[in-house]
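A.B. asks: Let me give you the structure first, and then I'll get to my questions.
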Amino acid sequence: MTAAILSLIISAALAAALIPLLMGVARQIGLVDKPDNTRKLHAHAIPLIGGVAIFISSTVAVVGTLWLTNLQLTVVEKVELLGLFLACLTILLVGVVDDRFNLRGRQKLVGQIIAVSVLYLFGYRFEVIEVMGIPLTFGVFSIVVVYFWCLLAINSVNLLDGADGFAATVGAIICLSISYMAFLLGQPIDGVTTLAFAGALLAFLVFNFPPAKVYLGDAGSMLIGLFIAAVSIRCAFKQQLAYAVFAPITMLAVPFIDTSAAVIRRRLTGKSIYTEDRGHLHHVLAKKGFSPRTSLLYLAFFTTMTAVGAAIALTWGQAIYALASIVMALFFMVAFGIFGVAEFKLLSKKFSSFFLSFVRLPQRKEGNRAQESTLSLQGDEDWAEVWQYFRNFAETHDLSMIVLDVNAPWRHESFHAYWRQSTFNRSANQNWCVELPIVVEQRIWGRVEIYAPRATKASHHKIVRDLLEMIGICEEEISQNRSLRDIAAKLELVKFPERSAEFASVTESPSDSE
């Protein structure tokens, strides 16, 4: 235990001394994060050297502690520590190149896979887990589980690193928890390693605490994710006990929840999972009016909640406590409207639609009943008032389906709505489709997507031309900073010859956004 405390002190002191020096070097070589007035809204360029400082400080601290305390390592421990060093060095170099030259997503993924491969080659693997006394053997699937676990941890922490102090706070709390787990399981080397990493993170937080003077960069956030994944394999997964396996998963629950919410939000609104938005945990907390420091306290609270649940599960040998802490964190986030409300609504609607598809009664003779959904994902603007005109456009032009998707992260606005005939089948070869962007001042605010049957009252040329007219009005009004009510009033003036009399003048009140 003395050696572990010594490693924490050495690492923290080294990082505190090294960061100011590296900040100057970063500015000279252009390793900085520049504002872009879209997603990066800080006032000036900020050095991206947090990862480099953490890597150097923790590495020197571990080596120095082992030398000063003369701790004895087995051959296997030496090999695995070397593998950890090489894998972390690999991911650090990939991250530095990305921070400086902006790698493509697939290029960065290849670098991550190489780093995880180094871990696997140096013995970071598990093949058997014991559940209720019954061994479950992974066999050849062990490599799949290791890669999935490591890549998930790397990218979850990377996605969380969007606000001052977020990734470093999560990393520090998890490393402190893993160090407790290491000593509980009789693995002092892992305790020394994780406390050294925690010490560097805590020193970095002094500079990264809102308002930040230095950033982790992708090099730092990916390094934290890989390090946590690797020491979890060494410390917990190799115990081959269910509650030990659940412990690291629970500790990383907050980054996993944030990543899962992003995938749900984007996939269920028809976007690519790589689409940029302002729906991550730090964005939502900021939009709710919380200061950066208050947001950081919320993050620390939820991460500590799951870390304590993992520690209790390991101490008492019951995995249920780890699972309970994740459920509690999710409940508090959604029930108190802190995070995940929109994603919960999207999932509820998806499951409801799926269930109704099995129990729906035959349609009445007088016609099909349309299905409609509106959901404000982010922002305070009432897009439902504008949406009603697109919905009415679909009805009067005999469309099968229309989608309005607004995604303007620089304005913290995101809205998704669709209207469709109940008999609409996207996979059937009975409809033609068009997707048109909403572009204002060279920024894509969103899109309108329509599906129409092959036989309609108006020709497809006429339908697209009418839709372009409506989108053009929206673009023009948005460019002049008009309110959504003004846009709706302008759309009210648009008349199409094909409209039936009942829609010649839209007077009904807008549907409520859910």
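Within each chain, counting starts at residue 1; across the structure tokens, chains are named A, B, ... in the order shown, with ligands numbered 1 upward in that order.
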Which neighbours of segment 444-447 of chain A fall inside 12 Å, counting only C-alpha atoms, when residues of the same chain fewer than 3 positions from it are skipped, and could you give them as a VMD selection string?

C.D. replies: chain A and resid 38 269 to 271 275 to 277 390 402 to 418 434 to 441 450 467 to 468 471 474 to 475 478 to 479

A.B. asks: Could you check the closest approach to Ile29 of chain A for each of A:Cys433, A:Leu48, A:Met470, A:Met181 and tell me which residue wins, using only C-alpha atoms?

C.D. replies: A:Leu48

A.B. asks: If you count only C-alpha atoms, which residues fall within 12 Å of Ala307 of chain A, apart from same-chain ones fewer than 5 positions away, as an MDAnalysis selection string?

C.D. replies: chainID A and resid 170:181 246:254 300:302 312:314 321:326 329

A.B. asks: Of the residues A:Ser11, A:Asn481, A:Ser221, A:Gln388, which is the one nearest to Asp99 of chain A, using only C-alpha atoms?

C.D. replies: A:Ser221

A.B. asks: What's around Ile5 of chain A at 9 Å? Count only C-alpha atoms, leave out sequence neighbours fewer than 5 positions away in its own chain, and write the answer as an MDAnalysis selection string.

C.D. replies: chainID A and resid 10 192 195:196

A.B. asks: Any chance you can output those residues with C-alpha atoms as an mmCIF file, in the first residue's frame?

C.D. replies:
```cif
data_model
loop_
_atom_site.group_PDB
_atom_site.id
_atom_site.type_symbol
_atom_site.label_atom_id
_atom_site.label_comp_id
_atom_site.auth_asym_id
_atom_site.auth_seq_id
_atom_site.Cartn_x
_atom_site.Cartn_y
_atom_site.Cartn_z
ATOM 1 C CA ILE A 10 5.305 10.920 -7.757
ATOM 2 C CA VAL A 192 0.570 0.773 -7.977
ATOM 3 C CA LEU A 195 -2.845 4.909 -8.482
ATOM 4 C CA ALA A 196 0.012 6.279 -10.595
#
```

A.B. asks: Measuring between only C-alpha atoms, which one of A:Ala488, A:Met333, A:Ile473, A:Val97 shows the shortest distance to Trp383 of chain A?

C.D. replies: A:Ala488

A.B. asks: Point out the residue among A:Glu492, A:Asp398, A:Glu469, A:Glu343 with the least atom-to-atom distance to Arg454 of chain A, counting only C-alpha atoms.

C.D. replies: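 Among A:Glu492, A:Asp398, A:Glu469, A:Glu343, it is A:Asp398 that comes nearest to Arg454 of chain A.
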